[in-house]
Amino acid sequence: MDAKTGTALPVRESLENVAARPPLARREPVESIVHGDRRIDHYGWLREKSNPEVLAYLNGENAYTDLVLQPTEAFQETLYQEMLGRILQTDFSVPYRLGGYLYFTRTVEGRQYPTHIRCRPEAGAPEELLLDLNSLAEGHSFFALDSFELSGNDRFLAYSTDTTGFRQYTLQIKDLEAGSILPERVNRVTSVARSGAFLLLTIVSHTTSEIHFLAASEPTGKFKRIAAREDTHEYYADHHPGPEGDAPGGVFYIRTNSGGRTFRLMAAPVADPDRKFWREVVANRPDVMLASVDTFKNHLVLFEREGGLPFLRIVNLPAPPPGVPPASHRIEFSEPAYNASLGANREFDTDQVRYDYQSFVTPRSVFDYNVRSRERTLRKQQPVLGGYDPAEYTSARLHAVAADGAKIPVSIVHRRDAALDGSAPVLLYGYGSYGISIPVNFSSNRLSLLGRGVIYAVAHIRGGGELGKPWHDAGRMQQKMNTFTDFIAAAEYLIAEKYTSPDRLIVEGGSAGGLLMGAVTNLRPDLFRAVVSHVPFVDVLNTMLDASLPLTVGEYEEWGNPQNADDYFLMKSYCPYTNLGRKDYPAILMKTGLNDSQVMYWEPAKYVAKLRTLKTDTHPLLFKVNMGAGHGGASGRYDYLREIALDYAFLLSQLGISR
């Protein structure tokens, strides 16, 4: 399709000729001056979503990508069938108990979405259909479920859905007895403490928070505040009724950074939770990030991060007197790199803790752990069809060294017979923003890469949360360049250690990880064979200068405020769109969603349009736009596999692998 006219290209035109004439967006200079800095944006007009010329250009990019990748279509189908063949398509989740019911989901072969079901725990009890997401998704190219909460009497179900990908959810309430949907629509929802005694309203920014509480038995009452918001003070709370004879209303267990950036645990009486009454339960530990706390009747579960790895710690209740550390223990895990997290724990009065465990080698496994006997019971491990043998693969935790001496964790997995002489291809993934940790998760889809000799690695760079809040601080605001140089250091380490070479190294990231891809590609285009970038935040400067966008003002605490000259010029120094230059670039596949509300589609659209006029190489520059989805891409499980098959076909073909 021609980018300007929107008309179809001649069918008989050769791929070589098409590839020589990629879509070109018209240039329309828009000039502005900020802090004395003259800026010209030639492609700002691509923000006009309703402009037919914009849609024609995006459709033209899709047509061009399809034509360039046409030789890989059979390979895409092979990859899709491989990945589909490893999935048990008709399956169900491990049931969890809530009130008088067991709740679970079921997937059925051929259907894109799961159904939500409950039943009584008695043997032979009939199933009750709560929500069929396939029915709700009918007529929509995208569908997502967010909230799913049951009322205390088990009669009403509150759920919220999005049918555009823009992440604006509509909350509805279903009367499960009548089987009907109530006419009310609710726009905002409060969270509920696990004890069920209080509603907790948490108000947060990137660096501060405050919590208001209301007794669940007084729904028409007024919320009270635990502690006033203070600059740079973050705190989060959960309720515990306390043992008999304790203070009226029990206590709030409060995770706070008041004693250090890695947080500590405090307790405060519900009757008066002002900060002067807080007492320390678990002290701050500089090398251990206290990432979250969950309360149960007889214990707490602390989610901790140490040395880049996650841990679950059980703390016995009741807590001892002030100054005495509580009795506690960690659940033991043995692999060098893994991911562990709390599973569905909806009941308050239980000695069982459900957690999820997986690694690059071990499929997702659901365990129930008895906090008293310390026995664990495997409830289910994700089936991997087709004869998967974990003994054929090995994973490790490596460390690259940054220029300033920081040790950057790198998690890696490959077949045991992989050649570690520099000839193997590597796919290196990175993110490094918002204090978010990239988990070491299992993927049956990834076996299609590993089985073809690709080594997969994740660089846990600064700006992420793998080593706690200080790791985040070291890669945000004025320290943001560390994120990009850390990733480059990880890539150079893998090359120096003979895992791969520059012409065999492919890198991937999405959202803020797409910013990472754009920044490191500008800094070191010689270091990578190809780049796969999803919904990338590549127009940092223009986006952060536009306070009308939904996320901009709140993100001043992550990136800085460009109305401040120092912040402006720092952003300008790494903004991928701003720093595109006339030089050779790696092969690039960039993907976005037209309805993305977090990184607007026009950021990658502008980036691609500008790069087409500057790049001096002949490597492919492909731009794929999902015209019916948002930040997360396709929502249906089969559609999602098709998207992965395209990504894999692109990157493998760049490595000379076509079958």
# chains A, B, ... in the order shown; residues from 1 in each chain; ligands from 1
>>> residues_around(residues="Glu109 (chain A)", least_positions_apart="6", cutoff="9 Å", atoms="only C-alpha atoms", output="list in words")
Leu88, Gln89, Thr90 and Asp91 of chain A
>>> write_last_selection(atoms="C-alpha atoms", output="mmCIF file, in the first residue's frame")
data_model
loop_
_atom_site.group_PDB
_atom_site.id
_atom_site.type_symbol
_atom_site.label_atom_id
_atom_site.label_comp_id
_atom_site.auth_asym_id
_atom_site.auth_seq_id
_atom_site.Cartn_x
_atom_site.Cartn_y
_atom_site.Cartn_z
ATOM 1 C CA LEU A 88 -2.323 -27.858 26.829
ATOM 2 C CA GLN A 89 -5.096 -25.858 25.218
ATOM 3 C CA THR A 90 -7.930 -27.255 27.333
ATOM 4 C CA ASP A 91 -6.780 -26.710 30.884
#
>>> residues_around(residues="region 644-649 of chain A", least_positions_apart="4", cutoff="6 Å", atoms="only C-alpha atoms", output="count of residues only")
4
>>> closest_residue(among="A:Ser292, A:Pro536, A:Arg118, A:Asn626", to="Gly100 (chain A)", atoms="only C-alpha atoms")
A:Arg118
>>> closest_atom_pairs(of="region 495-578 of chain A", to="region 45-50 of chain A", cutoff="12 Å", atoms="only C-alpha atoms", output="Markdown table")
| residue | atom | partner | partner_atom | distance |
| --- | --- | --- | --- | --- |
| A:Asp539 | CA | A:Arg47 | CA | 12.0 |
| A:Asn542 | CA | A:Arg47 | CA | 11.5 |
| A:Thr543 | CA | A:Arg47 | CA | 11.3 |
| A:Leu549 | CA | A:Arg47 | CA | 11.9 |
>>> closest_residue(among="A:Gly139, A:Pro620, A:Gly152, A:Gly259", to="Tyr101 (chain A)", atoms="only C-alpha atoms")
A:Gly152
